Structure formats: C-alpha cells, structure tokens
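Trainee: Structure file start_0.csv (CSV, C-alpha atoms) is given on the next line.
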```csv
chain,number,residue,atom,x,y,z
A,1,MET,CA,0.0,0.0,0.0
A,2,SER,CA,1.5,3.3,-1.0
A,3,VAL,CA,2.2,6.1,1.5
A,4,TRP,CA,-0.5,8.4,0.0
A,5,VAL,CA,-3.3,5.8,0.5
A,6,GLU,CA,-2.1,5.2,4.0
A,7,GLY,CA,-2.1,8.9,4.8
A,8,LEU,CA,-5.6,9.3,3.3
A,9,VAL,CA,-6.9,6.4,5.4
A,10,ALA,CA,-5.3,7.8,8.5
A,11,ALA,CA,-6.7,11.3,7.9
A,12,LEU,CA,-10.2,9.9,7.3
A,13,ILE,CA,-10.0,7.8,10.5
A,14,LEU,CA,-8.9,10.7,12.6
A,15,ILE,CA,-11.6,13.0,11.2
A,16,GLY,CA,-14.3,10.4,11.8
A,17,ALA,CA,-13.2,9.7,15.3
A,18,GLY,CA,-13.0,13.4,16.1
A,19,PHE,CA,-16.6,14.0,14.9
A,20,THR,CA,-17.7,11.0,17.0
A,21,LEU,CA,-16.0,12.4,20.1
A,22,VAL,CA,-17.5,15.8,19.5
A,23,GLY,CA,-21.0,14.3,19.2
A,24,SER,CA,-20.6,12.5,22.6
A,25,ILE,CA,-19.1,15.6,24.2
A,26,GLY,CA,-22.3,17.5,23.0
A,27,LEU,CA,-24.4,14.7,24.5
A,28,VAL,CA,-22.8,15.3,27.9
A,29,ARG,CA,-22.3,19.1,27.9
A,30,LEU,CA,-25.5,20.5,26.4
A,31,GLN,CA,-28.3,21.8,28.6
A,32,ASP,CA,-31.6,20.1,28.1
A,33,VAL,CA,-32.9,17.1,26.1
A,34,TYR,CA,-34.0,19.3,23.1
A,35,THR,CA,-30.5,20.6,22.5
A,36,ARG,CA,-28.9,17.3,23.4
A,37,LEU,CA,-30.7,15.8,20.4
A,38,HIS,CA,-28.4,17.8,18.1
A,39,GLY,CA,-25.0,16.3,19.1
A,40,PRO,CA,-25.4,12.6,18.5
A,41,THR,CA,-27.8,12.7,15.5
A,42,LYS,CA,-25.6,15.0,13.4
A,43,ALA,CA,-21.9,14.8,14.5
A,44,THR,CA,-21.8,11.1,15.4
A,45,THR,CA,-23.5,10.1,12.1
A,46,LEU,CA,-21.0,12.1,10.2
A,47,GLY,CA,-18.1,10.6,12.2
A,48,VAL,CA,-19.2,7.0,11.4
A,49,GLY,CA,-19.5,8.1,7.8
A,50,GLY,CA,-15.9,9.2,7.8
A,51,ILE,CA,-14.7,6.0,9.4
A,52,ILE,CA,-16.6,3.8,6.9
A,53,LEU,CA,-15.2,5.9,4.1
A,54,ALA,CA,-11.7,5.1,5.5
A,55,SER,CA,-12.6,1.4,5.6
A,56,LEU,CA,-13.7,1.6,1.9
A,57,VAL,CA,-10.4,3.2,0.8
A,58,PHE,CA,-8.4,0.7,2.9
A,59,PHE,CA,-10.0,-2.4,1.6
A,60,THR,CA,-10.1,-1.2,-2.0
A,61,ALA,CA,-6.3,-0.5,-1.8
A,62,GLN,CA,-5.7,-3.8,0.0
A,63,THR,CA,-7.5,-6.2,-2.4
A,64,GLY,CA,-7.4,-4.2,-5.6
A,65,VAL,CA,-11.1,-4.7,-6.1
A,66,LEU,CA,-13.5,-1.8,-5.5
A,67,SER,CA,-15.4,-2.6,-2.3
A,68,VAL,CA,-18.5,-0.5,-2.0
A,69,HIS,CA,-20.5,-2.7,0.4
A,70,GLU,CA,-19.4,-0.5,3.3
A,71,VAL,CA,-21.5,2.3,1.8
A,72,LEU,CA,-24.5,0.3,2.8
A,73,ILE,CA,-23.9,1.1,6.5
A,74,THR,CA,-23.4,4.8,5.8
A,75,LEU,CA,-26.5,4.9,3.6
A,76,PHE,CA,-28.6,3.1,6.3
A,77,LEU,CA,-27.4,5.4,9.1
A,78,PHE,CA,-27.9,8.6,7.0
A,79,ILE,CA,-31.5,7.5,6.3
A,80,THR,CA,-32.4,6.3,9.8
A,81,ALA,CA,-30.7,8.9,12.0
A,82,PRO,CA,-33.3,11.7,11.2
A,83,VAL,CA,-36.2,9.2,11.7
A,84,SER,CA,-35.0,8.2,15.2
A,85,ALA,CA,-34.2,11.9,16.1
A,86,HIS,CA,-37.7,12.9,15.0
A,87,LEU,CA,-39.3,10.1,17.1
A,88,LEU,CA,-37.2,11.0,20.2
A,89,ALA,CA,-38.1,14.7,19.8
A,90,LYS,CA,-41.8,13.8,19.7
A,91,THR,CA,-41.3,11.6,22.7
A,92,ALA,CA,-39.6,14.4,24.7
A,93,MET,CA,-42.5,16.8,23.7
A,94,HIS,CA,-45.1,14.3,24.7
A,95,ARG,CA,-43.5,13.6,28.1
A,96,GLN,CA,-43.1,17.3,28.7
A,97,GLU,CA,-39.5,17.2,29.6
A,98,LYS,CA,-38.1,20.2,31.3
A,99,LYS,CA,-36.2,22.8,29.1
A,100,VAL,CA,-33.8,25.5,30.1
A,101,GLN,CA,-34.7,29.2,29.9
A,102,SER,CA,-32.7,30.0,26.7
A,103,THR,CA,-34.4,27.2,24.6
A,104,ARG,CA,-37.0,29.1,22.6
A,105,GLY,CA,-40.6,27.9,22.0
A,106,GLU,CA,-43.1,26.1,24.1
A,107,PRO,CA,-42.6,22.4,23.2
A,108,TRP,CA,-45.7,21.1,24.7
A,109,GLN,CA,-48.2,23.4,23.0
A,110,GLN,CA,-48.3,21.4,19.8
B,1,MET,CA,1.2,6.3,10.4
B,2,LEU,CA,-1.9,4.1,10.1
B,3,SER,CA,-1.3,2.3,13.3
B,4,PHE,CA,-0.9,5.6,15.2
B,5,ALA,CA,-4.1,6.9,13.7
B,6,LEU,CA,-5.9,3.6,14.5
B,7,ASN,CA,-4.7,3.7,18.2
B,8,ALA,CA,-5.8,7.4,18.5
B,9,ALA,CA,-9.1,6.6,17.0
B,10,PHE,CA,-9.7,3.7,19.4
B,11,VAL,CA,-9.0,6.0,22.3
B,12,MET,CA,-11.3,8.7,21.0
B,13,VAL,CA,-14.2,6.4,20.2
B,14,GLY,CA,-13.7,4.7,23.6
B,15,ILE,CA,-13.9,8.0,25.4
B,16,ALA,CA,-17.0,8.8,23.4
B,17,MET,CA,-18.6,5.5,24.5
B,18,LEU,CA,-17.7,6.3,28.1
B,19,LEU,CA,-19.4,9.7,27.9
B,20,GLY,CA,-22.4,8.0,26.4
B,21,SER,CA,-22.7,5.5,29.2
B,22,TRP,CA,-22.3,8.3,31.7
B,23,ARG,CA,-25.4,9.9,30.1
B,24,VAL,CA,-27.2,6.5,30.3
B,25,LEU,CA,-26.5,6.2,34.0
B,26,VAL,CA,-27.1,9.9,35.0
B,27,GLY,CA,-29.5,11.2,32.4
B,28,PRO,CA,-32.3,13.0,34.2
B,29,SER,CA,-35.1,11.8,31.9
B,30,LEU,CA,-36.0,8.6,30.1
B,31,THR,CA,-35.6,10.3,26.7
B,32,ASP,CA,-32.0,11.2,27.5
B,33,ARG,CA,-31.3,7.6,28.3
B,34,VAL,CA,-32.8,6.4,25.0
B,35,LEU,CA,-30.9,9.0,23.1
B,36,ALA,CA,-27.6,8.0,24.8
B,37,LEU,CA,-28.3,4.3,24.0
B,38,ASP,CA,-28.8,5.4,20.3
B,39,THR,CA,-25.4,7.1,20.4
B,40,LEU,CA,-23.8,4.1,22.0
B,41,TYR,CA,-24.9,1.7,19.2
B,42,ILE,CA,-23.6,4.2,16.6
B,43,ASN,CA,-20.3,4.4,18.4
B,44,SER,CA,-20.1,0.6,18.6
B,45,ILE,CA,-20.5,0.5,14.8
B,46,ALA,CA,-17.5,2.8,14.5
B,47,LEU,CA,-15.5,0.7,16.9
B,48,ILE,CA,-16.2,-2.5,15.0
B,49,VAL,CA,-15.3,-1.0,11.6
B,50,LEU,CA,-12.0,0.3,13.2
B,51,PHE,CA,-11.3,-3.2,14.5
B,52,GLY,CA,-11.9,-4.6,11.0
B,53,ILE,CA,-9.3,-2.2,9.6
B,54,TYR,CA,-6.9,-3.0,12.5
B,55,LEU,CA,-7.1,-6.8,11.7
B,56,GLY,CA,-7.1,-6.2,7.9
B,57,THR,CA,-10.2,-8.4,7.4
B,58,SER,CA,-13.6,-7.4,6.1
B,59,MET,CA,-15.3,-10.1,8.1
B,60,TYR,CA,-16.7,-7.6,10.6
B,61,PHE,CA,-18.8,-5.7,8.0
B,62,GLU,CA,-21.8,-8.0,8.6
B,63,ALA,CA,-21.7,-7.5,12.3
B,64,ALA,CA,-21.7,-3.7,11.9
B,65,LEU,CA,-24.6,-3.9,9.5
B,66,LEU,CA,-26.6,-6.1,11.9
B,67,ILE,CA,-25.9,-3.7,14.8
B,68,ALA,CA,-27.1,-0.8,12.6
B,69,LEU,CA,-30.4,-2.6,11.8
B,70,ILE,CA,-31.1,-3.9,15.3
B,71,GLY,CA,-30.2,-0.6,16.9
B,72,PHE,CA,-32.5,1.5,14.7
B,73,VAL,CA,-35.4,-1.0,15.3
B,74,SER,CA,-34.9,-1.0,19.0
B,75,THR,CA,-34.7,2.8,19.2
B,76,VAL,CA,-37.9,3.1,17.3
B,77,ALA,CA,-39.6,0.5,19.5
B,78,VAL,CA,-38.6,2.2,22.7
B,79,ALA,CA,-39.6,5.7,21.5
B,80,LYS,CA,-42.9,4.3,20.3
B,81,TYR,CA,-43.5,2.7,23.6
B,82,LEU,CA,-42.7,5.9,25.5
B,83,LEU,CA,-44.9,7.9,23.1
B,84,ARG,CA,-48.0,5.7,22.9
B,85,GLY,CA,-47.7,3.3,25.8
B,86,ASP,CA,-47.7,0.4,23.3
B,87,ILE,CA,-45.5,-0.8,20.5
B,88,ILE,CA,-48.0,-2.4,18.1
B,89,GLU,CA,-51.5,-1.1,18.5
```
Could you show the structure in this file as structure tokens?

Mentor:
Amino acid sequence: MSVWVEGLVAALILIGAGFTLVGSIGLVRLQDVYTRLHGPTKATTLGVGGIILASLVFFTAQTGVLSVHEVLITLFLFITAPVSAHLLAKTAMHRQEKKVQSTRGEPWQQ
Amino acid sequence: MLSFALNAAFVMVGIAMLLGSWRVLVGPSLTDRVLALDTLYINSIALIVLFGIYLGTSMYFEAALLIALIGFVSTVAVAKYLLRGDIIE
C-alpha cells in the first residue's frame, strides 16, 4: 500500500473519530434534552460516515477490487438517524421534559 | 502512520462511549437515556469498523450492518413505547 493511500486512510479515520468524540461531548455538555438531540444525531453520524469511508479506501487498496458494500452502513445510518431523532423529539415533547430558559418555544403546545 | 491513527481513533471512540454510558447512567429523563443508547450503538459500529481495519479483514462488516439494523429498530420500538404506551397497536 502506498504512502499516499495510508495517509488518506489515517486522515479519514482521525476526522471520523474526532466527529464521533465531538458528538458525545455534546451529549454530555448541552443543557436540556431538546438541545442534546443535536449532538449525536448530526456529529456522530458524520463521524461514522468518515470511518466507513476510510474502511472503503483501505479495503479497495488492499484487495485491488472496489469494495462498495461498506457504503450500505453509511446509507442506512444517514436514512435512519433523522427518523429516530424525530421520534425522540416527539417523545420528549409528549412527556413534557423540562427545558432551560434559553431554549425558545413552548414544546408542549403542539 | 496508520497504526498511530488507529490507536488514537480507538482511544477517541472509547472516550465517546464512556461519555455516552455516563449519560445513560445519569440522564435526568427517560428520553435522555434512550438518546444515549442510540449514540452508543452508533459508536459501537464505528469501533467494529475500526477493529476490522486493524485486523485487515472485512469479516466484521456483517456485524456492523446487523448492529445498525437492530439498533434502529430498538430505538424506534422504545420511542414508540414511551410515546403511545404500546408498540404495536
């Protein structure tokens, strides 16, 4: 494997892991459940997309055959993450979870 | 270069999973816990794919795909249960 491919895979892995870490830090640090929905559903999905892109490049360079079946996981996650985020937001509104002062809107007056 | 990046990524995703499990344990509301479990399964997909690159085998792809499928279905089931009090009405 050439040094350029190795560098590309390493960069993609580091970018993906960084986004995953940022998403989980957002899950811990943000104030209420409505803002906490943003971290995992956007940053973590993007991070996993980066790591799977690195896996695609790595196995394509290793075997010499284009391996696109990793894209299935990315595609599935990118389709399902908004659906689960929407359901969780509806659940939080239905259960009337507490919000902080700076979160605008009244969630339970649907 | 690649082994250093892999080790750093293992540490970062591991810290992310620890933060997620902290939110599962502490999380003030039930919705927080479900959201943290959702994050945990996505992080475990990343960890399994990284482990596949580390070993140089594409055998772990099926495990990652299965975890993605089952995690989505379980998140939808729990959210539906909290929302409606029932899963299949």

Trainee: Skipping near chain neighbours, those fewer than 6 positions away, what residues fall within 12 Å of B:Phe72 using all atoms listed in the file, listed as a PyMOL selection string?

Mentor: (chain A and resi 73+76-85+87-88) or (chain B and resi 34-35+37-42+65-66+78-79)

Trainee: Could you please take those selected residues and save C-alpha atoms as a PDB file, in the frame of the given file?

Mentor:
```pdb
ATOM      1  CA  ILE A  73     -23.900   1.100   6.500  1.00  0.00           C
ATOM      2  CA  PHE A  76     -28.600   3.100   6.300  1.00  0.00           C
ATOM      3  CA  LEU A  77     -27.400   5.400   9.100  1.00  0.00           C
ATOM      4  CA  PHE A  78     -27.900   8.600   7.000  1.00  0.00           C
ATOM      5  CA  ILE A  79     -31.500   7.500   6.300  1.00  0.00           C
ATOM      6  CA  THR A  80     -32.400   6.300   9.800  1.00  0.00           C
ATOM      7  CA  ALA A  81     -30.700   8.900  12.000  1.00  0.00           C
ATOM      8  CA  PRO A  82     -33.300  11.700  11.200  1.00  0.00           C
ATOM      9  CA  VAL A  83     -36.200   9.200  11.700  1.00  0.00           C
ATOM     10  CA  SER A  84     -35.000   8.200  15.200  1.00  0.00           C
ATOM     11  CA  ALA A  85     -34.200  11.900  16.100  1.00  0.00           C
ATOM     12  CA  LEU A  87     -39.300  10.100  17.100  1.00  0.00           C
ATOM     13  CA  LEU A  88     -37.200  11.000  20.200  1.00  0.00           C
TER      14      LEU A  88
ATOM     15  CA  VAL B  34     -32.800   6.400  25.000  1.00  0.00           C
ATOM     16  CA  LEU B  35     -30.900   9.000  23.100  1.00  0.00           C
ATOM     17  CA  LEU B  37     -28.300   4.300  24.000  1.00  0.00           C
ATOM     18  CA  ASP B  38     -28.800   5.400  20.300  1.00  0.00           C
ATOM     19  CA  THR B  39     -25.400   7.100  20.400  1.00  0.00           C
ATOM     20  CA  LEU B  40     -23.800   4.100  22.000  1.00  0.00           C
ATOM     21  CA  TYR B  41     -24.900   1.700  19.200  1.00  0.00           C
ATOM     22  CA  ILE B  42     -23.600   4.200  16.600  1.00  0.00           C
ATOM     23  CA  LEU B  65     -24.600  -3.900   9.500  1.00  0.00           C
ATOM     24  CA  LEU B  66     -26.600  -6.100  11.900  1.00  0.00           C
ATOM     25  CA  VAL B  78     -38.600   2.200  22.700  1.00  0.00           C
ATOM     26  CA  ALA B  79     -39.600   5.700  21.500  1.00  0.00           C
TER      27      ALA B  79
END
```

Trainee: Skip B:Met59 itself and residues of its chain fewer than 4 positions away, then list as a list in words all residues within 12 Å of it, counting all atoms listed in the file.

Mentor: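 My reading of the contact set: Phe59, His69 and Glu70 of chain A; Ile48, Val49, Phe51, Gly52, Ile53, Tyr54, Leu55, Ala63, Ala64 and Leu65 of chain B.
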
Trainee: Measuring between all atoms listed in the file, which one of A:Leu30, A:Met93, A:Val5, A:Ala10 shows the shortest distance to chain B?

Mentor: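 Distance minimum relative to chain B lands on A:Ala10.
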
Trainee: State, in Å with one decimal place, the distance from atom CA of A:Ile25 to atom CA of A:Gly47.

Mentor: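 Atom-to-atom, atom CA of A:Ile25 and atom CA of A:Gly47 are spaced 13.0 Å apart.
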
Trainee: Could you tell me which of A:Phe58, A:Val68, A:Thr35, A:Leu75 comes closest to A:Trp4 if we count all atoms listed in the file?

Mentor: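 Closest candidate: A:Phe58.
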
Trainee: Should the cut-off be 7 Å, what would the residue list for chain B against chain A look like, counting only C-alpha atoms, as a list in words?

Mentor: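 The selection requested is Met1, Leu2, Ala5, Ala9, Met12, Val13, Ala16, Leu19, Gly20, Arg23, Thr31, Asp32, Thr39, Ala46, Val49, Ile53, Leu65, Phe72, Thr75, Val76, Ala79, Leu82 and Leu83 of chain B.
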
Trainee: Given all atoms listed in the file as the basis, pick out the residue of B:Gly56, B:Asp86, B:Ile45, B:Leu25 nearest to B:Ala68.

Mentor: B:Ile45

Trainee: My list of candidates is B:Ile88, B:Ile67, B:Ile15, B:Val73. Which is closest to B:Ser44 when distances are computed with all atoms listed in the file?

Mentor: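 Of B:Ile88, B:Ile67, B:Ile15, B:Val73, the one nearest B:Ser44 is B:Ile67, counting all atoms listed in the file.
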
Trainee: Using the incomplete input, complete stretch 44-55 of chain A to the level of all heavy atoms; output as a PDB file, in the coordinates of the input.

Mentor:
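Below you can see part.pdb, which holds the result:
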```pdb
ATOM      1  N   THR A  44     -22.242  12.511  15.317  1.00  0.00           N
ATOM      2  CA  THR A  44     -21.800  11.100  15.400  1.00  0.00           C
ATOM      3  C   THR A  44     -22.103  10.381  14.095  1.00  0.00           C
ATOM      4  O   THR A  44     -21.299   9.544  13.660  1.00  0.00           O
ATOM      5  CB  THR A  44     -22.582  10.440  16.553  1.00  0.00           C
ATOM      6  OG1 THR A  44     -22.375  11.214  17.720  1.00  0.00           O
ATOM      7  CG2 THR A  44     -22.065   9.063  16.803  1.00  0.00           C
ATOM      8  N   THR A  45     -23.217  10.703  13.417  1.00  0.00           N
ATOM      9  CA  THR A  45     -23.500  10.100  12.100  1.00  0.00           C
ATOM     10  C   THR A  45     -22.429  10.427  11.110  1.00  0.00           C
ATOM     11  O   THR A  45     -21.956   9.567  10.351  1.00  0.00           O
ATOM     12  CB  THR A  45     -24.870  10.516  11.631  1.00  0.00           C
ATOM     13  OG1 THR A  45     -25.800  10.367  12.692  1.00  0.00           O
ATOM     14  CG2 THR A  45     -25.321   9.693  10.477  1.00  0.00           C
ATOM     15  N   LEU A  46     -22.022  11.708  11.103  1.00  0.00           N
ATOM     16  CA  LEU A  46     -21.000  12.100  10.200  1.00  0.00           C
ATOM     17  C   LEU A  46     -19.636  11.433  10.514  1.00  0.00           C
ATOM     18  O   LEU A  46     -18.891  11.028   9.611  1.00  0.00           O
ATOM     19  CB  LEU A  46     -20.794  13.643  10.285  1.00  0.00           C
ATOM     20  CG  LEU A  46     -20.005  14.308   9.166  1.00  0.00           C
ATOM     21  CD1 LEU A  46     -20.700  14.045   7.852  1.00  0.00           C
ATOM     22  CD2 LEU A  46     -19.892  15.779   9.414  1.00  0.00           C
ATOM     23  N   GLY A  47     -19.344  11.254  11.811  1.00  0.00           N
ATOM     24  CA  GLY A  47     -18.100  10.600  12.200  1.00  0.00           C
ATOM     25  C   GLY A  47     -18.069   9.140  11.740  1.00  0.00           C
ATOM     26  O   GLY A  47     -17.048   8.676  11.219  1.00  0.00           O
ATOM     27  N   VAL A  48     -19.185   8.431  11.905  1.00  0.00           N
ATOM     28  CA  VAL A  48     -19.200   7.000  11.400  1.00  0.00           C
ATOM     29  C   VAL A  48     -19.102   7.013   9.912  1.00  0.00           C
ATOM     30  O   VAL A  48     -18.453   6.116   9.353  1.00  0.00           O
ATOM     31  CB  VAL A  48     -20.520   6.364  11.924  1.00  0.00           C
ATOM     32  CG1 VAL A  48     -20.648   4.996  11.333  1.00  0.00           C
ATOM     33  CG2 VAL A  48     -20.497   6.252  13.412  1.00  0.00           C
ATOM     34  N   GLY A  49     -19.683   8.018   9.224  1.00  0.00           N
ATOM     35  CA  GLY A  49     -19.500   8.100   7.800  1.00  0.00           C
ATOM     36  C   GLY A  49     -18.059   8.233   7.380  1.00  0.00           C
ATOM     37  O   GLY A  49     -17.606   7.572   6.443  1.00  0.00           O
ATOM     38  N   GLY A  50     -17.297   9.051   8.103  1.00  0.00           N
ATOM     39  CA  GLY A  50     -15.900   9.200   7.800  1.00  0.00           C
ATOM     40  C   GLY A  50     -15.098   7.920   8.030  1.00  0.00           C
ATOM     41  O   GLY A  50     -14.249   7.541   7.213  1.00  0.00           O
ATOM     42  N   ILE A  51     -15.391   7.221   9.128  1.00  0.00           N
ATOM     43  CA  ILE A  51     -14.700   6.000   9.400  1.00  0.00           C
ATOM     44  C   ILE A  51     -14.974   4.913   8.381  1.00  0.00           C
ATOM     45  O   ILE A  51     -14.090   4.170   7.932  1.00  0.00           O
ATOM     46  CB  ILE A  51     -15.006   5.514  10.853  1.00  0.00           C
ATOM     47  CG1 ILE A  51     -14.348   6.447  11.859  1.00  0.00           C
ATOM     48  CG2 ILE A  51     -14.533   4.103  11.093  1.00  0.00           C
ATOM     49  CD1 ILE A  51     -14.661   6.134  13.264  1.00  0.00           C
ATOM     50  N   ILE A  52     -16.237   4.855   7.936  1.00  0.00           N
ATOM     51  CA  ILE A  52     -16.600   3.800   6.900  1.00  0.00           C
ATOM     52  C   ILE A  52     -15.993   4.189   5.582  1.00  0.00           C
ATOM     53  O   ILE A  52     -15.585   3.294   4.819  1.00  0.00           O
ATOM     54  CB  ILE A  52     -18.125   3.686   6.907  1.00  0.00           C
ATOM     55  CG1 ILE A  52     -18.554   2.954   8.170  1.00  0.00           C
ATOM     56  CG2 ILE A  52     -18.586   2.923   5.716  1.00  0.00           C
ATOM     57  CD1 ILE A  52     -19.994   2.908   8.378  1.00  0.00           C
ATOM     58  N   LEU A  53     -15.870   5.488   5.280  1.00  0.00           N
ATOM     59  CA  LEU A  53     -15.200   5.900   4.100  1.00  0.00           C
ATOM     60  C   LEU A  53     -13.706   5.459   4.113  1.00  0.00           C
ATOM     61  O   LEU A  53     -13.142   4.988   3.110  1.00  0.00           O
ATOM     62  CB  LEU A  53     -15.264   7.411   3.914  1.00  0.00           C
ATOM     63  CG  LEU A  53     -15.285   7.993   2.511  1.00  0.00           C
ATOM     64  CD1 LEU A  53     -16.443   7.402   1.742  1.00  0.00           C
ATOM     65  CD2 LEU A  53     -15.409   9.494   2.573  1.00  0.00           C
ATOM     66  N   ALA A  54     -13.075   5.590   5.299  1.00  0.00           N
ATOM     67  CA  ALA A  54     -11.700   5.100   5.500  1.00  0.00           C
ATOM     68  C   ALA A  54     -11.609   3.617   5.243  1.00  0.00           C
ATOM     69  O   ALA A  54     -10.670   3.131   4.594  1.00  0.00           O
ATOM     70  CB  ALA A  54     -11.199   5.472   6.866  1.00  0.00           C
ATOM     71  N   SER A  55     -12.596   2.864   5.748  1.00  0.00           N
ATOM     72  CA  SER A  55     -12.600   1.400   5.600  1.00  0.00           C
ATOM     73  C   SER A  55     -12.739   1.068   4.069  1.00  0.00           C
ATOM     74  O   SER A  55     -12.074   0.148   3.567  1.00  0.00           O
ATOM     75  CB  SER A  55     -13.759   0.816   6.359  1.00  0.00           C
ATOM     76  OG  SER A  55     -14.065  -0.457   5.908  1.00  0.00           O
TER      77      SER A  55
END
```
